[in-house]
Every structure is written in structure tokens, then in C-alpha cells.
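Asker: Dropping the structure in here first, questions after.
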Amino acid sequence: MRVLLLGANGFLGRYVADRLLADPAVQLTALGRRDDSDVRFDLSTGSPGALTRFLDAVHPGVVINCAGAIRGGARELTRHNTVSTATVCESLRRSGCGARLVHVGCAAEYGPSQTGSSTGEDATPRPGGPYGVSKLAATELVLGSGLDAIVLRVFSPAGPGTPAGTPLGRLAEAMRRAMQQGDRELKLSGLGIQRDFVDVRDVARAVHAASLSAAQGIVNIGTGRAVRLRDAAAVLARVAGFTGAIHELDEPHLGAVPAAPPYPDGCGVWQQADVRTARDRLGWRPRIGLEESLADIWMEAACRI
């Protein structure tokens, strides 16, 4: 099976590439903006015609789109998340390769959820910021393209290489600095938020499964369990051997409405996936627990001490 992977150098893309390379039946080609890609191409500025010619030459059976940006202003996010996806869809429509498209979306497309609820694929998307809007627009382009396509809405990915701008990445970096400087107190904000953290290696397994399946439409990828960031901080402290105190800067008073969390995902204080569709249509379940994910995040952070 010939697979073209877009965004192989990103956080998710690196693990998807590793997973595919471990499959002897897969012949993988990586396309990206960096020099170490098999093919250098910028989806946000390149023309659909140029990409179509490449698709016709390589003739992949599956195209996996992990490309995109998680930070930046609205224009940058739109260019890298929405325009790039439009280029992919248009190129596949023009090409004669007939490839299946596996597009990696995100839970920010849903926006905030009611505390205690599990978000299913039929929920009405209400993204709370430009990142979620740009990713939702990309999903709509894929679903309206007429292609053989599936969108994996990934909840909060975790594991080695977790970006510093994410809740767990920010937490690990703050703990690393505290231990490096010998601080006995760690003061953090936003510990009351609850997210569905799914290991990036499990996400890669889901992408692999989606590339082999006939399933179409949207499929949530998460664990089905929201975890309070304060609890994740306690686990990370135990893994790291941090024995100091962790203080929440914005701990709400009794009866007060929680303040908006200081993260740009626009997902409010709660998100939890309904993952039954992934189980039923992809045969996928998460395997790696949060403690293992946090231990691997810390191993990378500790190397910088």
C-alpha cells in the first residue's frame, strides 16, 4: 500500500510515520515544508496543480493529512489549517489516483462542552477560538469534497514531544524550571480544567486503522475519560520526584463560576469524548494510560535540566 503522509514532521505526524514504517505492507512517502521530507512542498502556498502532478506520479492509495498549525493569529491558522486542506482536497479531486483521505482534525472544533457530558460526533460544533474555527472549516471541506474520506477528531494528545503550548506541555515545562532552580513551590493557573488526554502513539494507531478501513465521516479519538489538570499535575510530580507544593493561582471560591482557562484551544473547562464510533467502526481502543504518557513527557523534559 502506497501512503503519502502530509505533515510528517509535526507532533502527531512523527508518530504516524513511525507507525506506518513499522508496517511492512506500507510504502511511505513524506511530504512537508522541511528539508528532511521526502518531498518538499508547502501546502499553504503551493498550487493544487503542482500537487496533482505529484499525486499522479506517486499514485498513493491513501493520503494522510497531519499538516497544520496550532499557534498563530487567525490569518496564519487559516492559511495552514484551512487553505492547505483545500489544496489537498482539490488536488485529490483532479488526480486520477483515487486515493482515500485520512484527515486529522481536533476536538477544538467542538468548542466548550457541558461539564459531565461526553461529546459524540453528532454534536453541533461551536469552536471557541480561531484555531478551532480553522480546523472546523478544514473538516467541512473534507466532508463536502466527495472524496473517500474520514476525519479523526483527536481530543487532547499527550506523550513524548508534547508541545509546550498545550496544558500538559506547559505543566511539564513549569515543573522542569522549578526543579532546575530548586524552587519548593510551583504556582500554576488553569488547574481546574478537565480534558480527555489520549496518548499520541494511540492516535497513530487510530490513523493507521483509519487508513485500512472503509469508514467515512467523523470519528472521535480519545479515551472517553476527562481528567482534571490538577490531578495530572499530582501524577507528574510523583513521576518527576517533585516534593514541593503545587499552588493554583486562580482557584475559585466556593460557588464561584470558574474563570476561562488560560489556553488558546477555546474548549472551556470540560471536554470528554464519546469514543464508541472508533471502537465500532475502526476496532480501535486506547492502550496507553495517562501515567505512562506523563512519565514519557517528563523523561524528555528532564533531559533539559
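Quick note on naming: the chains in the C-alpha cells go A, B, ... in the order shown, residues restart at 1 in each chain, and ligands are numbered from 1 in order of appearance.
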Tell me which protein, DNA and RNA residues are within 9 Å of A:Thr277, counting only C-alpha atoms, leaving out same-chain ones fewer than 4 positions away, and put them as a list in words.
Answerer: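 So the residues in contact are Gly120, Glu121, Ile218, Val219, Asn220, Ile221, Arg281, Leu282 and Gly283 of chain A.
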Asker: Applying 10 Å and only C-alpha atoms, which residues near A:Ala138 remain after dropping the ones on its own chain fewer than 6 positions away? List them as an MDAnalysis selection string.
Answerer: chainID A and resid 78 80:86 89 103:105 109 132 144 151
Asker: Would you mind exporting N, CA and C atoms of the selected residues as a short mmCIF file (atom, residue, chain, number, x, y, z; two decimals), in the first residue's frame?
Answerer:
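Contents of again07.cif, as written:
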data_model
loop_
_atom_site.label_atom_id
_atom_site.label_comp_id
_atom_site.auth_asym_id
_atom_site.auth_seq_id
_atom_site.Cartn_x
_atom_site.Cartn_y
_atom_site.Cartn_z
N THR A 78 -5.63 30.04 9.51
CA THR A 78 -6.48 29.77 8.34
C THR A 78 -5.64 29.28 7.17
N HIS A 80 -2.64 27.75 7.22
CA HIS A 80 -2.01 26.45 7.41
C HIS A 80 -3.01 25.33 7.68
N ASN A 81 -4.18 25.64 8.20
CA ASN A 81 -5.16 24.60 8.52
C ASN A 81 -6.27 24.48 7.48
N THR A 82 -6.75 25.60 6.99
CA THR A 82 -7.91 25.57 6.08
C THR A 82 -7.48 25.60 4.61
N VAL A 83 -6.66 26.58 4.25
CA VAL A 83 -6.23 26.69 2.85
C VAL A 83 -5.44 25.46 2.43
N SER A 84 -4.57 24.97 3.31
CA SER A 84 -3.78 23.78 2.97
C SER A 84 -4.68 22.57 2.74
N THR A 85 -5.74 22.43 3.54
CA THR A 85 -6.66 21.31 3.36
C THR A 85 -7.45 21.46 2.07
N ALA A 86 -7.81 22.69 1.71
CA ALA A 86 -8.49 22.94 0.44
C ALA A 86 -7.60 22.52 -0.73
N CYS A 89 -7.66 18.65 -0.92
CA CYS A 89 -8.93 18.13 -1.47
C CYS A 89 -9.03 18.39 -2.97
N HIS A 103 -7.99 12.50 7.24
CA HIS A 103 -7.70 13.87 7.70
C HIS A 103 -7.75 13.91 9.22
N VAL A 104 -6.70 14.48 9.83
CA VAL A 104 -6.64 14.58 11.28
C VAL A 104 -7.20 15.92 11.73
N GLY A 105 -8.37 15.88 12.36
CA GLY A 105 -8.99 17.08 12.92
C GLY A 105 -8.71 17.15 14.41
N GLU A 109 -12.69 21.78 17.46
CA GLU A 109 -13.80 22.04 16.53
C GLU A 109 -15.14 22.03 17.25
N GLY A 132 -9.90 26.51 16.49
CA GLY A 132 -11.00 25.59 16.27
C GLY A 132 -11.79 25.92 15.02
N GLY A 144 -17.27 17.74 2.46
CA GLY A 144 -18.00 18.18 1.27
C GLY A 144 -17.27 17.94 -0.03
N VAL A 151 -12.51 11.78 8.83
CA VAL A 151 -11.91 12.81 9.68
C VAL A 151 -11.82 12.25 11.10
#
Asker: Give me the residues near A:Gly128 as a PyMOL selection string, where near means some atom within 10 Å (using only C-alpha atoms) and where sequence neighbours in that chain fewer than 3 positions away do not count.
Answerer: chain A and resi 108-112+125+131-133+264-268
Asker: Can those selected residues be exported to a file as a PDB file, in the first residue's frame so that it contains C-alpha atoms?
Answerer:
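That gives us selection-v9.pdb:
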ATOM      1  CA  ALA A 108     -11.305  22.223  19.387  1.00  0.00           C
ATOM      2  CA  GLU A 109     -13.800  22.044  16.530  1.00  0.00           C
ATOM      3  CA  TYR A 110     -16.490  21.167  19.081  1.00  0.00           C
ATOM      4  CA  GLY A 111     -15.676  24.012  21.462  1.00  0.00           C
ATOM      5  CA  PRO A 112     -16.810  24.007  25.120  1.00  0.00           C
ATOM      6  CA  PRO A 125     -19.618  22.291  16.562  1.00  0.00           C
ATOM      7  CA  TYR A 131      -7.797  27.602  15.908  1.00  0.00           C
ATOM      8  CA  GLY A 132     -10.999  25.586  16.271  1.00  0.00           C
ATOM      9  CA  VAL A 133     -12.685  27.631  13.527  1.00  0.00           C
ATOM     10  CA  PRO A 264      -5.968  29.017  23.381  1.00  0.00           C
ATOM     11  CA  ASP A 265      -7.949  25.902  22.438  1.00  0.00           C
ATOM     12  CA  GLY A 266     -11.310  27.558  23.131  1.00  0.00           C
ATOM     13  CA  CYS A 267     -12.638  24.399  24.789  1.00  0.00           C
ATOM     14  CA  GLY A 268     -13.733  25.850  28.125  1.00  0.00           C
TER      15      GLY A 268
END
Asker: Looking only at strand (DSSP E) from DSSP on the backbone, list the matching residues of stretch 28-266 of chain A as a PyMOL selection string.
Answerer: chain A and resi 28-32+39-40+62-65+100-106+149-154+156-158+185-188+194-195+197-199+217-221+227-228+245-248
Asker: Can you spit out the residues from that selection as a compact mmCIF listing (two decimals), in the first residue's frame, using N, CA and C atoms?
Answerer:
# COMPACT_ATOMS: atom_id res chain seq x y z
N LEU A 28 5.90 4.23 2.29
CA LEU A 28 5.58 5.57 2.78
C LEU A 28 6.40 6.65 2.07
N THR A 29 5.71 7.72 1.70
CA THR A 29 6.35 8.93 1.20
C THR A 29 5.89 10.09 2.07
N ALA A 30 6.84 10.89 2.57
CA ALA A 30 6.51 12.02 3.44
C ALA A 30 6.66 13.32 2.68
N LEU A 31 5.64 14.15 2.74
CA LEU A 31 5.65 15.46 2.10
C LEU A 31 5.54 16.53 3.18
N GLY A 32 6.40 17.54 3.12
CA GLY A 32 6.36 18.59 4.13
C GLY A 32 7.17 19.80 3.72
N VAL A 39 9.62 14.77 0.03
CA VAL A 39 9.26 15.78 -0.96
C VAL A 39 8.98 17.08 -0.23
N ARG A 40 9.62 18.15 -0.65
CA ARG A 40 9.41 19.44 -0.01
C ARG A 40 8.31 20.21 -0.75
N VAL A 62 -3.53 5.88 -0.25
CA VAL A 62 -4.03 6.61 0.92
C VAL A 62 -3.21 7.88 1.08
N VAL A 63 -3.89 8.98 1.36
CA VAL A 63 -3.23 10.24 1.72
C VAL A 63 -3.65 10.57 3.14
N ILE A 64 -2.67 10.78 4.02
CA ILE A 64 -2.94 11.10 5.43
C ILE A 64 -2.52 12.54 5.67
N ASN A 65 -3.45 13.36 6.13
CA ASN A 65 -3.17 14.78 6.34
C ASN A 65 -3.02 15.10 7.82
N ARG A 100 -7.70 7.33 -0.90
CA ARG A 100 -8.52 7.58 0.28
C ARG A 100 -7.82 8.67 1.10
N LEU A 101 -8.61 9.58 1.69
CA LEU A 101 -8.05 10.67 2.50
C LEU A 101 -8.39 10.44 3.97
N VAL A 102 -7.33 10.40 4.79
CA VAL A 102 -7.49 10.37 6.24
C VAL A 102 -7.04 11.72 6.76
N HIS A 103 -7.99 12.50 7.24
CA HIS A 103 -7.70 13.87 7.70
C HIS A 103 -7.75 13.91 9.22
N VAL A 104 -6.70 14.48 9.83
CA VAL A 104 -6.64 14.58 11.28
C VAL A 104 -7.20 15.92 11.73
N GLY A 105 -8.37 15.88 12.36
CA GLY A 105 -8.99 17.08 12.92
C GLY A 105 -8.71 17.15 14.41
N CYS A 106 -9.49 17.95 15.13
CA CYS A 106 -9.24 18.09 16.58
C CYS A 106 -10.53 18.44 17.32
N ALA A 149 -13.27 9.71 2.26
CA ALA A 149 -12.54 10.43 3.31
C ALA A 149 -13.10 10.15 4.69
N ILE A 150 -12.20 10.20 5.66
CA ILE A 150 -12.56 10.09 7.07
C ILE A 150 -11.83 11.20 7.83
N VAL A 151 -12.51 11.78 8.83
CA VAL A 151 -11.91 12.81 9.68
C VAL A 151 -11.82 12.25 11.10
N LEU A 152 -10.61 12.20 11.63
CA LEU A 152 -10.40 11.77 13.01
C LEU A 152 -10.33 13.01 13.88
N ARG A 153 -11.31 13.20 14.75
CA ARG A 153 -11.29 14.35 15.67
C ARG A 153 -10.56 13.92 16.94
N VAL A 154 -9.30 14.33 17.01
CA VAL A 154 -8.43 13.94 18.12
C VAL A 154 -8.65 14.89 19.29
N SER A 156 -7.24 15.61 23.33
CA SER A 156 -6.01 16.27 23.78
C SER A 156 -4.84 15.30 23.73
N PRO A 157 -4.04 15.34 22.66
CA PRO A 157 -2.95 14.37 22.55
C PRO A 157 -1.84 14.63 23.56
N ALA A 158 -1.27 13.57 24.08
CA ALA A 158 -0.22 13.64 25.10
C ALA A 158 0.85 12.62 24.78
N GLU A 185 8.08 25.58 45.58
CA GLU A 185 6.68 25.87 45.28
C GLU A 185 6.51 26.03 43.78
N LEU A 186 5.40 25.53 43.30
CA LEU A 186 5.06 25.64 41.89
C LEU A 186 3.69 26.30 41.79
N LYS A 187 3.65 27.49 41.21
CA LYS A 187 2.39 28.23 41.11
C LYS A 187 1.91 28.19 39.67
N LEU A 188 0.71 27.65 39.49
CA LEU A 188 0.16 27.46 38.16
C LEU A 188 -1.29 27.94 38.11
N GLN A 194 -10.62 20.31 32.71
CA GLN A 194 -10.65 18.86 32.55
C GLN A 194 -10.66 18.54 31.06
N ARG A 195 -9.73 17.67 30.68
CA ARG A 195 -9.55 17.31 29.28
C ARG A 195 -9.47 15.80 29.12
N PHE A 197 -7.31 13.33 27.72
CA PHE A 197 -5.94 13.18 27.23
C PHE A 197 -5.76 11.79 26.60
N VAL A 198 -5.32 11.76 25.35
CA VAL A 198 -5.10 10.49 24.65
C VAL A 198 -3.65 10.46 24.17
N ASP A 199 -2.98 9.33 24.38
CA ASP A 199 -1.56 9.25 24.03
C ASP A 199 -1.38 9.34 22.52
N GLY A 217 -16.73 9.82 7.20
CA GLY A 217 -17.32 10.77 8.13
C GLY A 217 -16.37 11.10 9.27
N ILE A 218 -16.94 11.49 10.41
CA ILE A 218 -16.16 11.93 11.58
C ILE A 218 -16.10 10.82 12.61
N VAL A 219 -14.91 10.62 13.18
CA VAL A 219 -14.71 9.63 14.24
C VAL A 219 -13.89 10.28 15.35
N ASN A 220 -14.42 10.28 16.57
CA ASN A 220 -13.68 10.83 17.72
C ASN A 220 -12.57 9.88 18.14
N ILE A 221 -11.42 10.48 18.49
CA ILE A 221 -10.30 9.71 19.03
C ILE A 221 -9.94 10.30 20.39
N VAL A 227 -9.89 14.19 32.59
CA VAL A 227 -9.01 14.22 33.75
C VAL A 227 -8.74 15.68 34.12
N ARG A 228 -8.89 16.00 35.39
CA ARG A 228 -8.60 17.35 35.85
C ARG A 228 -7.09 17.59 35.77
N ALA A 245 5.33 22.03 46.93
CA ALA A 245 3.89 22.30 46.93
C ALA A 245 3.46 22.85 45.57
N ILE A 246 2.27 22.45 45.14
CA ILE A 246 1.68 22.97 43.90
C ILE A 246 0.49 23.85 44.28
N HIS A 247 0.57 25.12 43.93
CA HIS A 247 -0.50 26.07 44.26
C HIS A 247 -1.18 26.53 42.98
N GLU A 248 -2.50 26.61 43.06
CA GLU A 248 -3.28 27.10 41.92
C GLU A 248 -3.53 28.59 42.10
Asker: Please, which residues of stretch 40-205 of chain A, numbered as in this document, come out helix (DSSP H, G or I) from DSSP, as a PyMOL selection string?
Answerer: chain A and resi 48-58+74-94+107-109+130-143+167-181+200-205
Asker: Which residues are close to A:Val16, i.e. within 7 Å by only C-alpha atoms, leaving aside same-chain residues fewer than 4 positions away? Reply as a ChimeraX atom specification.
Answerer: /A:12,20,204,207
Asker: Output all heavy atoms of each residue in that selection to a file, as a compact mmCIF listing (two decimals), in the first residue's frame.
Answerer:
# COMPACT_ATOMS: atom_id res chain seq x y z
N LEU A 12 2.04 15.02 15.87
CA LEU A 12 1.30 13.80 15.53
C LEU A 12 1.94 13.07 14.36
O LEU A 12 2.03 11.84 14.35
CB LEU A 12 -0.15 14.14 15.21
CG LEU A 12 -1.01 14.71 16.33
CD1 LEU A 12 -2.41 15.01 15.82
CD2 LEU A 12 -1.09 13.74 17.50
N LEU A 20 3.50 3.75 10.57
CA LEU A 20 3.39 3.25 9.21
C LEU A 20 4.66 2.55 8.75
O LEU A 20 4.61 1.54 8.05
CB LEU A 20 3.06 4.42 8.26
CG LEU A 20 1.70 5.08 8.48
CD1 LEU A 20 1.57 6.32 7.60
CD2 LEU A 20 0.56 4.10 8.19
N ALA A 204 -1.69 7.53 16.66
CA ALA A 204 -1.06 6.98 15.46
C ALA A 204 -1.67 5.64 15.07
O ALA A 204 -1.87 5.35 13.88
CB ALA A 204 0.44 6.83 15.69
N VAL A 207 -4.92 6.37 13.32
CA VAL A 207 -4.71 6.83 11.94
C VAL A 207 -4.42 5.63 11.03
O VAL A 207 -4.94 5.51 9.92
CB VAL A 207 -3.57 7.85 11.87
CG1 VAL A 207 -3.21 8.17 10.43
CG2 VAL A 207 -3.95 9.13 12.62
Asker: May I ask for the distance between atom CA of A:Ser117 and atom CA of A:Gln272, given in Å to one decimal place?
Answerer: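 Separation of atom CA of A:Ser117 and atom CA of A:Gln272: 6.8 Å.
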Asker: Would you list the contacts of stretch 49-57 of chain A as a list in words, taking every protein, DNA or RNA residue within 7 Å and counting only C-alpha atoms, but skipping same-chain residues closer than 6 positions in sequence?
Answerer: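 These residues fall inside the cut-off: Ser91, Leu92, Arg94, Ser95, Gly96 and Cys97 of chain A.
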Asker: Deliver the residues from the most recent selection as a file, using N, CA, C and O atoms, as a PDB file, in the first residue's frame.
Answerer:
ATOM      1  N   SER A  91      -6.606  18.849  -5.101  1.00  0.00           N
ATOM      2  CA  SER A  91      -5.616  18.031  -5.806  1.00  0.00           C
ATOM      3  C   SER A  91      -6.084  16.594  -5.947  1.00  0.00           C
ATOM      4  O   SER A  91      -5.910  15.972  -7.002  1.00  0.00           O
ATOM      5  N   LEU A  92      -6.683  16.052  -4.904  1.00  0.00           N
ATOM      6  CA  LEU A  92      -7.188  14.687  -4.974  1.00  0.00           C
ATOM      7  C   LEU A  92      -8.359  14.572  -5.945  1.00  0.00           C
ATOM      8  O   LEU A  92      -8.495  13.550  -6.633  1.00  0.00           O
ATOM      9  N   ARG A  94      -8.710  16.336  -8.653  1.00  0.00           N
ATOM     10  CA  ARG A  94      -8.156  16.420 -10.004  1.00  0.00           C
ATOM     11  C   ARG A  94      -7.350  15.182 -10.384  1.00  0.00           C
ATOM     12  O   ARG A  94      -7.258  14.832 -11.555  1.00  0.00           O
ATOM     13  N   SER A  95      -6.760  14.540  -9.394  1.00  0.00           N
ATOM     14  CA  SER A  95      -5.861  13.420  -9.668  1.00  0.00           C
ATOM     15  C   SER A  95      -6.628  12.166 -10.068  1.00  0.00           C
ATOM     16  O   SER A  95      -7.780  11.971  -9.696  1.00  0.00           O
ATOM     17  N   GLY A  96      -5.935  11.325 -10.801  1.00  0.00           N
ATOM     18  CA  GLY A  96      -6.524  10.048 -11.178  1.00  0.00           C
ATOM     19  C   GLY A  96      -6.149   8.924 -10.232  1.00  0.00           C
ATOM     20  O   GLY A  96      -6.449   7.756 -10.501  1.00  0.00           O
ATOM     21  N   CYS A  97      -5.510   9.262  -9.093  1.00  0.00           N
ATOM     22  CA  CYS A  97      -5.017   8.197  -8.202  1.00  0.00           C
ATOM     23  C   CYS A  97      -6.134   7.537  -7.392  1.00  0.00           C
ATOM     24  O   CYS A  97      -6.007   6.394  -6.973  1.00  0.00           O
TER      25      CYS A  97
END
Asker: Which residue gives the smallest distance to A:Pro130 among A:Gly161, A:Gly289, A:Arg71, A:Asp148, with only C-alpha atoms counted?
Answerer: A:Arg71
Asker: Figure out the distance between atom CA of A:Gly46 and atom CA of A:Asp18, please, to one decimal in Å.
Answerer: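 Between atom CA of A:Asp18 and atom CA of A:Gly46 the gap is 26.2 Å.
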Asker: For the atom pair atom CA of A:Trp298 and atom CA of A:Arg14, what is the interatomic distance in Å to one decimal place?
Answerer: 18.6 Å
Asker: Can you work out which one of A:Arg177, A:Arg287, A:Arg238, A:Arg201 has the shortest atom-to-atom distance to A:Cys303, counting only C-alpha atoms?
Answerer: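 Of the candidates, the smallest distance to A:Cys303 is held by A:Arg177.
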Asker: Between A:Gly165, A:Ala8, A:Asp202, A:Ser293, which is the closest to A:Gly72 once you count only C-alpha atoms?
Answerer: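 Ranking A:Gly165, A:Ala8, A:Asp202, A:Ser293 by distance to A:Gly72, first place goes to A:Gly165.
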Asker: Leaving out A:Ala178 and any residue of its chain fewer than 5 positions from it, which residues lie within 10 Å of it when counting only C-alpha atoms, given as a PyMOL selection string?
Answerer: chain A and resi 172-173+183-187+242+244+305
Asker: Rank nothing, just name the residue among A:Pro48, A:Gly190, A:Pro163, A:Pro24 nearest to A:Gly10, using only C-alpha atoms.
Answerer: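 Smallest distance to A:Gly10 is found for A:Pro163.
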Asker: Nearest residue to A:Thr115 out of A:His59, A:Val239, A:Asp36, A:Val269, using only C-alpha atoms?
Answerer: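 Distance minimum relative to A:Thr115 lands on A:Val269.
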